[in-house]
file my_file-v8.cif (mmCIF, C-alpha atoms)
data_upload
loop_
_atom_site.label_atom_id
_atom_site.label_comp_id
_atom_site.auth_asym_id
_atom_site.auth_seq_id
_atom_site.Cartn_x
_atom_site.Cartn_y
_atom_site.Cartn_z
CA MET A 299 -63.01 64.17 11.78
CA SER A 300 -63.76 60.58 12.74
CA GLY A 301 -60.73 58.33 13.13
CA HIS A 302 -58.19 61.13 13.53
CA ALA A 303 -57.20 62.79 16.80
CA PRO A 304 -55.35 66.10 16.38
CA VAL A 305 -52.08 66.23 18.33
CA LEU A 306 -51.29 69.01 20.82
CA LEU A 307 -54.58 70.70 19.99
CA GLY A 308 -54.87 72.93 23.07
CA PRO A 309 -51.26 74.12 23.03
CA SER A 310 -51.48 74.78 19.27
CA LEU A 311 -54.52 77.05 19.71
CA GLU A 312 -52.82 78.83 22.60
CA GLY A 313 -49.63 79.26 20.59
CA LEU A 314 -51.55 80.70 17.64
CA ARG A 315 -53.56 82.99 19.95
CA VAL A 316 -56.65 82.32 17.86
CA MET A 317 -59.09 85.22 17.99
CA ALA A 318 -62.49 86.03 16.54
CA GLY A 319 -62.23 87.43 13.05
CA GLY A 320 -58.66 86.24 12.54
CA ARG A 321 -57.26 84.85 9.30
CA TYR A 322 -55.44 81.54 9.61
CA LEU A 323 -53.76 79.01 7.36
CA ASP A 324 -53.55 75.29 8.12
CA GLY A 325 -50.80 74.02 5.86
CA THR A 326 -51.60 70.36 6.49
CA PHE A 327 -55.36 69.79 6.76
CA GLY A 328 -55.01 66.02 7.20
CA GLY A 329 -57.95 64.84 9.27
CA GLY A 330 -59.22 68.37 9.89
CA GLY A 331 -59.11 68.38 13.68
CA HIS A 332 -56.90 71.45 13.98
CA THR A 333 -58.80 73.34 11.29
CA ARG A 334 -62.15 72.69 12.94
CA ALA A 335 -60.83 73.83 16.32
CA ILE A 336 -59.35 77.02 14.84
CA LEU A 337 -62.65 77.83 13.13
CA ASP A 338 -64.54 77.28 16.38
CA ALA A 339 -62.14 79.50 18.34
CA ALA A 340 -62.23 82.21 15.64
CA ALA A 341 -66.05 82.28 15.40
CA PRO A 342 -68.20 83.92 14.29
CA ASP A 343 -66.24 85.40 11.38
CA GLY A 344 -62.68 84.03 11.54
CA THR A 345 -61.47 82.19 8.44
CA VAL A 346 -59.11 79.32 7.62
CA LEU A 347 -57.32 78.61 4.37
CA ALA A 348 -56.62 74.85 4.47
CA LEU A 349 -53.97 73.31 2.23
CA ASP A 350 -53.02 69.71 1.61
CA ALA A 351 -51.00 67.87 -1.03
CA ASP A 352 -53.27 64.83 -0.59
CA PRO A 353 -56.42 65.06 -2.75
CA ALA A 354 -58.31 62.86 -0.27
CA ALA A 355 -57.60 65.37 2.51
CA VAL A 356 -58.78 68.25 0.31
CA ALA A 357 -62.05 66.38 -0.28
CA ARG A 358 -62.48 66.07 3.49
CA ALA A 359 -61.81 69.80 3.85
CA GLU A 360 -64.43 70.61 1.22
CA THR A 361 -66.94 68.49 3.13
CA LEU A 362 -66.16 70.38 6.34
CA ALA A 363 -66.49 73.69 4.49
CA GLY A 364 -70.06 72.75 3.63
CA GLU A 365 -71.15 72.41 7.25
CA PRO A 366 -73.44 75.29 8.31
CA ALA A 367 -71.13 76.53 11.08
CA TYR A 368 -68.20 76.88 8.68
CA ARG A 369 -69.88 77.89 5.43
CA GLY A 370 -68.01 80.82 3.90
CA ARG A 371 -65.22 80.59 6.48
CA LEU A 372 -63.15 77.66 5.20
CA THR A 373 -61.38 77.49 1.85
CA ALA A 374 -59.79 74.21 0.80
CA VAL A 375 -56.88 74.20 -1.66
CA HIS A 376 -55.03 71.28 -3.22
CA ALA A 377 -51.43 72.47 -2.83
CA ASN A 378 -48.20 71.56 -1.13
CA PHE A 379 -47.51 73.85 1.82
CA SER A 380 -44.20 74.83 0.21
CA ALA A 381 -46.30 77.27 -1.83
CA LEU A 382 -48.36 78.61 1.08
CA ALA A 383 -47.29 82.24 0.66
CA ASP A 384 -48.31 82.27 -3.01
CA VAL A 385 -51.56 80.43 -2.28
CA ALA A 386 -52.47 82.78 0.58
CA ALA A 387 -51.78 85.83 -1.58
CA ALA A 388 -53.80 84.41 -4.48
CA HIS A 389 -56.80 83.94 -2.17
CA GLY A 390 -56.54 87.40 -0.63
CA ALA A 391 -55.77 85.93 2.80
CA THR A 392 -52.65 87.94 3.62
CA PRO A 393 -51.53 89.20 6.00
CA LEU A 394 -52.30 86.11 8.06
CA ASP A 395 -52.81 86.07 11.82
CA GLY A 396 -51.52 82.53 12.17
CA VAL A 397 -49.98 79.60 10.32
CA LEU A 398 -50.14 76.03 11.62
CA LEU A 399 -47.98 73.24 10.20
CA ASP A 400 -48.66 69.76 11.56
CA LEU A 401 -45.92 67.65 9.98
CA GLY A 402 -47.32 64.28 11.04
CA MET A 403 -49.05 61.65 8.97
CA SER A 404 -52.83 61.55 9.25
CA SER A 405 -54.57 58.40 10.42
CA PHE A 406 -56.39 58.32 7.10
CA GLN A 407 -53.11 57.96 5.22
CA LEU A 408 -51.68 55.37 7.58
CA ASP A 409 -54.87 53.28 7.60
CA THR A 410 -55.31 53.20 3.82
CA ALA A 411 -53.39 50.23 2.43
CA GLU A 412 -53.44 51.57 -1.14
CA ARG A 413 -51.34 54.58 -0.13
CA GLY A 414 -48.38 52.39 0.80
CA PHE A 415 -47.30 54.29 3.91
CA ALA A 416 -47.65 51.53 6.50
CA PHE A 417 -45.75 48.23 6.51
CA ARG A 418 -48.44 46.71 8.73
CA LEU A 419 -50.87 46.87 5.79
CA GLU A 420 -50.24 45.08 2.50
CA GLY A 421 -50.39 47.56 -0.35
CA PRO A 422 -48.49 49.03 -3.30
CA LEU A 423 -45.17 50.64 -2.40
CA ASP A 424 -46.17 54.23 -3.14
CA MET A 425 -45.83 56.70 -0.21
CA ARG A 426 -46.62 59.83 -2.25
CA PHE A 427 -48.77 62.42 -0.50
CA ASP A 428 -50.12 63.36 -3.92
CA SER A 429 -50.35 60.16 -5.95
CA SER A 430 -50.97 62.13 -9.16
CA ARG A 431 -47.38 63.36 -9.35
CA GLY A 432 -43.86 62.50 -8.34
CA THR A 433 -41.96 59.23 -8.03
CA PRO A 434 -43.38 56.34 -5.96
CA ALA A 435 -41.21 54.58 -3.39
CA ALA A 436 -41.17 51.43 -5.51
CA THR A 437 -39.16 53.26 -8.17
CA LEU A 438 -36.49 54.30 -5.67
CA VAL A 439 -36.36 50.83 -4.10
CA ASN A 440 -35.98 49.08 -7.45
CA ASP A 441 -33.82 51.58 -9.36
CA LEU A 442 -31.28 53.11 -6.97
CA ASP A 443 -27.94 51.43 -6.36
CA THR A 444 -26.74 50.24 -2.97
CA ASP A 445 -24.91 53.47 -2.08
CA GLU A 446 -27.88 55.68 -2.97
CA LEU A 447 -30.32 53.53 -1.00
CA ALA A 448 -28.00 53.40 2.01
CA THR A 449 -27.62 57.18 1.93
CA ILE A 450 -31.39 57.68 1.99
CA LEU A 451 -31.91 55.23 4.86
CA PHE A 452 -29.12 56.76 6.95
CA ARG A 453 -29.75 60.44 6.18
CA TYR A 454 -33.54 60.47 6.51
CA GLY A 455 -34.13 57.52 8.83
CA ASP A 456 -31.02 57.62 11.01
CA GLU A 457 -30.81 53.89 10.28
CA SER A 458 -27.51 52.53 11.61
CA ARG A 459 -27.93 49.34 9.55
CA SER A 460 -28.56 51.23 6.32
CA ARG A 461 -25.88 49.53 4.23
CA ARG A 462 -26.90 46.04 5.31
CA ILE A 463 -30.54 46.81 4.48
CA ALA A 464 -29.61 48.40 1.14
CA ARG A 465 -27.59 45.34 0.13
CA ALA A 466 -30.50 43.08 1.07
CA ILE A 467 -32.93 45.17 -1.00
CA VAL A 468 -30.69 45.04 -4.07
CA ALA A 469 -30.24 41.26 -3.70
CA ALA A 470 -33.97 40.69 -3.28
CA ARG A 471 -35.00 42.83 -6.26
CA ASP A 472 -32.54 40.90 -8.47
CA ARG A 473 -34.82 37.92 -7.90
CA ALA A 474 -38.08 39.86 -8.34
CA PRO A 475 -39.12 43.55 -8.19
CA ILE A 476 -40.16 44.77 -4.74
CA THR A 477 -43.56 46.33 -5.31
CA THR A 478 -45.50 46.01 -2.04
CA THR A 479 -45.13 47.26 1.51
CA GLY A 480 -45.21 43.73 2.85
CA ALA A 481 -42.45 42.55 0.54
CA LEU A 482 -40.15 45.42 1.50
CA ALA A 483 -40.85 44.98 5.22
CA ALA A 484 -40.03 41.27 4.94
CA VAL A 485 -36.72 41.99 3.20
CA ILE A 486 -35.73 44.48 5.92
CA ASP A 487 -36.84 42.15 8.70
CA ALA A 488 -34.73 39.33 7.31
CA ALA A 489 -31.74 41.60 6.73
CA VAL A 490 -31.45 42.69 10.37
CA GLY A 491 -32.46 39.44 12.01
CA GLY A 492 -36.00 40.27 13.06
CA ARG A 493 -37.43 42.37 15.84
CA ARG A 494 -35.61 40.68 18.75
CA GLY A 495 -37.83 42.29 21.37
CA ALA A 496 -37.33 45.83 20.04
CA PRO A 497 -40.29 48.18 20.70
CA THR A 498 -40.61 49.08 17.01
CA HIS A 499 -40.62 47.04 13.81
CA PRO A 500 -37.16 46.91 12.13
CA ALA A 501 -38.64 48.50 8.99
CA THR A 502 -39.87 51.64 10.79
CA ARG A 503 -36.86 53.86 10.10
CA SER A 504 -36.49 52.67 6.51
CA PHE A 505 -40.12 53.40 5.70
CA GLN A 506 -39.78 56.88 7.26
CA ALA A 507 -36.65 57.55 5.22
CA LEU A 508 -38.22 56.47 1.93
CA ARG A 509 -41.33 58.56 2.59
CA ILE A 510 -39.21 61.65 3.29
CA ALA A 511 -37.20 61.09 0.10
CA VAL A 512 -40.27 60.43 -2.06
CA ASN A 513 -41.96 63.65 -0.93
CA ASP A 514 -38.78 65.74 -0.56
CA GLU A 515 -40.13 66.62 2.87
CA LEU A 516 -37.18 68.44 4.39
CA ALA A 517 -36.69 70.82 1.45
CA VAL A 518 -40.45 71.40 1.35
CA LEU A 519 -40.42 72.24 5.07
CA HIS A 520 -37.72 74.88 4.55
CA ALA A 521 -39.84 76.49 1.81
CA ALA A 522 -42.98 76.37 3.98
CA LEU A 523 -41.26 78.07 6.92
CA ASP A 524 -39.97 80.86 4.69
CA GLY A 525 -43.44 81.17 3.16
CA ALA A 526 -45.05 81.47 6.57
CA VAL A 527 -42.78 84.36 7.52
CA ALA A 528 -43.64 86.12 4.28
CA ALA A 529 -47.40 85.60 4.69
CA LEU A 530 -47.78 86.49 8.37
CA GLY A 531 -48.63 90.00 9.48
CA PRO A 532 -46.88 91.73 12.41
CA GLY A 533 -47.76 89.86 15.60
CA GLY A 534 -48.98 86.83 13.65
CA ARG A 535 -48.03 83.43 15.03
CA LEU A 536 -46.29 80.43 13.49
CA ALA A 537 -46.90 77.07 15.18
CA VAL A 538 -45.15 73.91 13.95
CA ILE A 539 -45.67 70.36 15.20
CA ALA A 540 -42.79 68.01 14.29
CA PHE A 541 -42.68 64.26 14.82
CA HIS A 542 -39.04 63.32 14.33
CA SER A 543 -35.70 64.89 15.10
CA LEU A 544 -34.82 65.82 11.50
CA GLU A 545 -37.90 68.03 11.20
CA ASP A 546 -37.64 69.45 14.69
CA ARG A 547 -34.00 70.43 14.20
CA ILE A 548 -34.93 72.33 11.03
CA VAL A 549 -37.77 74.16 12.81
CA LYS A 550 -35.68 74.95 15.88
CA ARG A 551 -32.78 76.27 13.79
CA PHE A 552 -35.09 78.27 11.53
CA ILE A 553 -36.78 80.04 14.45
CA ALA A 554 -33.39 80.72 16.08
CA GLU A 555 -31.92 82.17 12.89
CA ARG A 556 -34.97 84.31 12.07
CA SER A 557 -35.05 85.56 15.70
CA ALA A 558 -31.35 86.41 15.91
CA THR A 559 -30.39 90.04 16.43
CA CYS A 560 -26.84 89.41 15.20
CA LEU A 561 -25.62 87.03 12.50
CA CYS A 562 -21.98 88.05 12.53
CA PRO A 563 -19.30 85.35 12.86
CA PRO A 564 -18.31 84.68 16.51
CA GLU A 565 -14.82 86.09 15.91
CA MET A 566 -16.21 89.53 15.03
CA PRO A 567 -15.53 91.89 17.99
CA VAL A 568 -18.41 94.22 17.09
CA CYS A 569 -21.72 93.54 15.34
CA THR A 570 -21.76 94.94 11.82
CA CYS A 571 -24.60 92.93 10.24
CA ASP A 572 -27.49 95.10 11.43
CA ALA A 573 -29.72 92.00 11.48
CA GLN A 574 -33.46 92.64 11.64
CA PRO A 575 -35.17 89.56 13.08
CA ALA A 576 -38.37 88.60 11.28
CA LEU A 577 -39.50 86.34 14.13
CA ARG A 578 -39.55 86.33 17.91
CA LYS A 579 -39.29 82.97 19.62
CA VAL A 580 -42.28 82.25 21.89
CA GLY A 581 -41.50 79.87 24.75
CA GLY A 582 -39.65 76.59 24.34
CA SER A 583 -40.53 73.21 22.93
CA ILE A 584 -43.88 71.78 24.04
CA ARG A 585 -44.57 68.07 24.37
CA ALA A 586 -47.81 66.20 24.99
CA GLY A 587 -48.78 65.56 28.58
CA GLU A 588 -49.25 62.11 30.04
CA ALA A 589 -53.01 62.10 29.52
CA GLU A 590 -52.69 62.89 25.81
CA ARG A 591 -49.88 60.37 25.33
CA LEU A 592 -52.06 57.65 26.82
CA ALA A 593 -55.13 58.64 24.82
CA ASN A 594 -53.29 59.23 21.55
CA PRO A 595 -50.01 57.29 21.12
CA ARG A 596 -49.17 59.36 18.01
CA SER A 597 -48.55 62.34 20.31
CA ARG A 598 -45.61 60.71 22.09
CA SER A 599 -43.06 61.91 19.55
CA ALA A 600 -44.67 65.30 18.82
CA THR A 601 -42.89 68.59 19.54
CA LEU A 602 -44.56 71.99 19.15
CA ARG A 603 -42.58 75.18 18.60
CA VAL A 604 -44.07 78.68 18.30
CA ALA A 605 -42.79 82.01 17.01
CA ALA A 606 -44.33 85.46 16.52
CA ARG A 607 -43.84 87.66 13.45
CA THR A 608 -42.09 90.98 14.05
CA GLU A 609 -42.58 94.19 12.07
CA ASN A 610 -39.26 93.78 10.26
CA PRO A 611 -39.26 92.86 6.55
CA ALA A 612 -39.28 89.18 5.63
CA PRO A 613 -36.29 87.77 3.71
CA ALA A 614 -36.85 87.23 -0.01
CA LEU A 615 -38.63 83.98 -0.84
CA ASP A 616 -36.84 81.15 -2.62
CA HIS A 617 -39.18 80.27 -5.50
CA ARG A 618 -37.81 76.83 -6.27
CA TYR A 619 -41.37 75.63 -5.79
CA GLY A 620 -44.06 76.60 -8.25
CA PRO A 621 -47.39 78.22 -7.36
CA ASP A 622 -49.11 74.86 -7.89
CA GLY A 623 -47.17 73.51 -4.94
CA ASP A 624 -45.10 70.99 -6.92
CA ALA A 625 -42.21 70.26 -4.61
CA GLY A 626 -40.30 68.11 -7.05
CA ALA A 627 -41.18 64.92 -5.20
CA GLY A 628 -38.48 62.33 -5.31
CA GLU A 629 -35.66 64.78 -6.03
CA GLY A 630 -34.50 65.24 -2.42
CA TRP A 631 -32.38 62.06 -2.43
CA ARG A 632 -30.14 63.07 -5.33
#

call {"tool": "encode", "arguments": {"input": "my_file-v8.cif", "output": "structure tokens"}}
result
Amino acid sequence: MSGHAPVLLGPSLEGLRVMAGGRYLDGTFGGGGHTRAILDAAAPDGTVLALDADPAAVARAETLAGEPAYRGRLTAVHANFSALADVAAAHGATPLDGVLLDLGMSSFQLDTAERGFAFRLEGPLDMRFDSSRGTPAATLVNDLDTDELATILFRYGDESRSRRIARAIVAARDRAPITTTGALAAVIDAAVGGRRGAPTHPATRSFQALRIAVNDELAVLHAALDGAVAALGPGGRLAVIAFHSLEDRIVKRFIAERSATCLCPPEMPVCTCDAQPALRKVGGSIRAGEAERLANPRSRSATLRVAARTENPAPALDHRYGPDGDAGAGEGWR
């Protein structure tokens, strides 16, 4: 898709071991680069079920599905990837041969001012992946107290100045509601004394934290990983691309736990748990090479991890998320 360069494309295809006739699920269609590449590698009869919580991304997927080379091989679904197991089953796509989760923002989202994701563009303070549901960032910014705001900024943005920024937000909104990306960025900039030669804007971590809270991203990721294990067939591959340490830690820990052959406490002298690993770790973390980092700056923070499904039963799914993919946006900060 024009304007969007898929990150770690080659390693993702290798990790998934895409093959002709395979059945794959792209949990985050975004700009469609990964989906298109999977369809090409799985030609002539491989299929992709593409999900996205963003209606604009689903529209792009439907356009791609109409291209002659992909007609009948791509199904686009408006759903949060937390519900991927239910969606895959409903479309008769299980067992899957591969699941790809690219957890990054698409260029389309970042470059659309009306979506409110980027502080470099003046727009409404929204940040919802699906603007038809959930709580926009402006509500959190204007309604939460200082402690709640500081907790979000520290927990999801690793912002060491979270309390100072939270106090500044509360003081500013007492004068007038903060409703735009530019207004919030200006408050944060003033609160911490400007950029001072730092490589990133002082609002970067705060905007990340608010976006994660608005979309309940970490809880949704847990549900998606469990769903992938349930939907994959034996030998199927799970490939996850994370862009910040919070996500990557969740993915790393999940693969380690689902690959463990013993879950007994360390003090136990003999294993009694009879653990049956549902996954097998494949390789280590993969980062973009120098050429990709230069060509696509978004790839600099990307980490790919891969696991293969074993023949052991999958753990029971946690159905906190409905089949429509509603992840309870905005509830993760409570």

call {"tool": "resolve_selection", "arguments": {"input": "my_file-v8.cif", "expression": "the PyMOL selection byres ((chain A and resi 581) around 12)", "output": "list of chain:residue names"}}
result
A:Pro309, A:Glu312, A:Gly313, A:Ala537, A:Lys550, A:Ile553, A:Ala554, A:Arg578, A:Lys579, A:Val580, A:Gly582, A:Ser583, A:Ile584, A:Leu602, A:Arg603, A:Val604, A:Ala605, A:Ala606

call {"tool": "closest_residue", "arguments": {"input": "my_file-v8.cif", "among": "A:Arg509, A:Ala593, A:Ala340, A:Val549", "to": "Thr433 in chain A", "atoms": "all atoms listed in the file"}}
result
A:Arg509

call {"tool": "resolve_selection", "arguments": {"input": "my_file-v8.cif", "expression": "the PyMOL selection byres ((chain A and resi 361-374) around 12)", "output": "PyMOL selection string"}}
result
chain A and resi 299-300+318-331+333-360+375-377+385-386+389-391

call {"tool": "closest_residue", "arguments": {"input": "my_file-v8.cif", "among": "A:Ala522, A:Leu419, A:Ala464, A:Val527", "to": "Asp395 in chain A", "atoms": "all atoms listed in the file"}}
result
A:Val527

call {"tool": "residues_around", "arguments": {"input": "my_file-v8.cif", "residues": "range 494-503 of chain A", "least_positions_apart": "5", "cutoff": "8 Å", "atoms": "all atoms listed in the file", "output": "ChimeraX atom specification"}}
result
/A:417,451,455-457,483,486-487

call {"tool": "atom_distance", "arguments": {"input": "my_file-v8.cif", "atom1": "CA of Gly534 in chain A", "atom2": "CA of Ser310 in chain A"}}
result
13.5 Å

call {"tool": "atom_distance", "arguments": {"input": "my_file-v8.cif", "atom1": "CA of Val490 in chain A", "atom2": "CA of Ser599 in chain A"}}
result
24.3 Å

call {"tool": "residues_around", "arguments": {"input": "my_file-v8.cif", "residues": "Leu442 in chain A", "least_positions_apart": "2", "cutoff": "12 Å", "atoms": "all atoms listed in the file", "output": "list in words"}}
result
Ala435, Ala436, Thr437, Leu438, Val439, Asn440, Thr444, Asp445, Glu446, Leu447, Ala448, Thr449, Ile450, Ala464, Arg465, Ile467, Val468, Arg471, Leu508, Gly628, Trp631 and Arg632 of chain A

call {"tool": "residues_near_point", "arguments": {"input": "my_file-v8.cif", "point": "(-39.2, 90.5, 7.2)", "cutoff": "8 Å", "atoms": "only C-alpha atoms", "output": "list of chain:residue names"}}
result
A:Val527, A:Ala528, A:Gln574, A:Pro575, A:Ala576, A:Thr608, A:Glu609, A:Asn610, A:Pro611, A:Ala612, A:Pro613

call {"tool": "atom_distance", "arguments": {"input": "my_file-v8.cif", "atom1": "CA of Cys571 in chain A", "atom2": "CA of Phe552 in chain A"}}
result
18.1 Å

call {"tool": "resolve_selection", "arguments": {"input": "my_file-v8.cif", "expression": "the PyMOL selection byres ((chain A and resi 529) around 6)", "output": "MDAnalysis selection string"}}
result
chainID A and resid 383 392:394 526:528 530

call {"tool": "closest_residue", "arguments": {"input": "my_file-v8.cif", "among": "A:Asn513, A:Ala507, A:Ala488, A:Ala303", "to": "Asp428 in chain A", "atoms": "all atoms listed in the file"}}
result
A:Asn513

call {"tool": "closest_residue", "arguments": {"input": "my_file-v8.cif", "among": "A:Met425, A:Ala600, A:Met317, A:Ile463", "to": "Ser543 in chain A", "atoms": "only C-alpha atoms"}}
result
A:Ala600

call {"tool": "closest_residue", "arguments": {"input": "my_file-v8.cif", "among": "A:Val485, A:Leu523, A:Ala573, A:Leu399", "to": "Ser504 in chain A", "atoms": "all atoms listed in the file"}}
result
A:Val485

call {"tool": "closest_residue", "arguments": {"input": "my_file-v8.cif", "among": "A:Leu423, A:Val512, A:Leu401, A:Ala521", "to": "Glu545 in chain A", "atoms": "all atoms listed in the file"}}
result
A:Leu401

call {"tool": "residues_near_point", "arguments": {"input": "my_file-v8.cif", "point": "(-50.9, 45.9, -0.2)", "cutoff": "6 Å", "atoms": "only C-alpha atoms", "output": "ChimeraX atom specification"}}
result
/A:411,420-422,478

call {"tool": "residues_around", "arguments": {"input": "my_file-v8.cif", "residues": "Glu590 in chain A", "least_positions_apart": "2", "cutoff": "12 Å", "atoms": "only C-alpha atoms", "output": "PDB file with C-alpha atoms, in the frame of the given file"}}
result
ATOM      1  CA  ALA A 303     -57.200  62.790  16.800  1.00  0.00           C
ATOM      2  CA  PRO A 304     -55.350  66.100  16.380  1.00  0.00           C
ATOM      3  CA  VAL A 305     -52.080  66.230  18.330  1.00  0.00           C
ATOM      4  CA  LEU A 306     -51.290  69.010  20.820  1.00  0.00           C
ATOM      5  CA  LEU A 307     -54.580  70.700  19.990  1.00  0.00           C
ATOM      6  CA  GLY A 308     -54.870  72.930  23.070  1.00  0.00           C
ATOM      7  CA  PRO A 309     -51.260  74.120  23.030  1.00  0.00           C
ATOM      8  CA  ARG A 585     -44.570  68.070  24.370  1.00  0.00           C
ATOM      9  CA  ALA A 586     -47.810  66.200  24.990  1.00  0.00           C
ATOM     10  CA  GLY A 587     -48.780  65.560  28.580  1.00  0.00           C
ATOM     11  CA  GLU A 588     -49.250  62.110  30.040  1.00  0.00           C
ATOM     12  CA  LEU A 592     -52.060  57.650  26.820  1.00  0.00           C
ATOM     13  CA  ALA A 593     -55.130  58.640  24.820  1.00  0.00           C
ATOM     14  CA  ASN A 594     -53.290  59.230  21.550  1.00  0.00           C
ATOM     15  CA  PRO A 595     -50.010  57.290  21.120  1.00  0.00           C
ATOM     16  CA  ARG A 596     -49.170  59.360  18.010  1.00  0.00           C
ATOM     17  CA  SER A 597     -48.550  62.340  20.310  1.00  0.00           C
ATOM     18  CA  ARG A 598     -45.610  60.710  22.090  1.00  0.00           C
ATOM     19  CA  SER A 599     -43.060  61.910  19.550  1.00  0.00           C
ATOM     20  CA  ALA A 600     -44.670  65.300  18.820  1.00  0.00           C
TER      21      ALA A 600
END
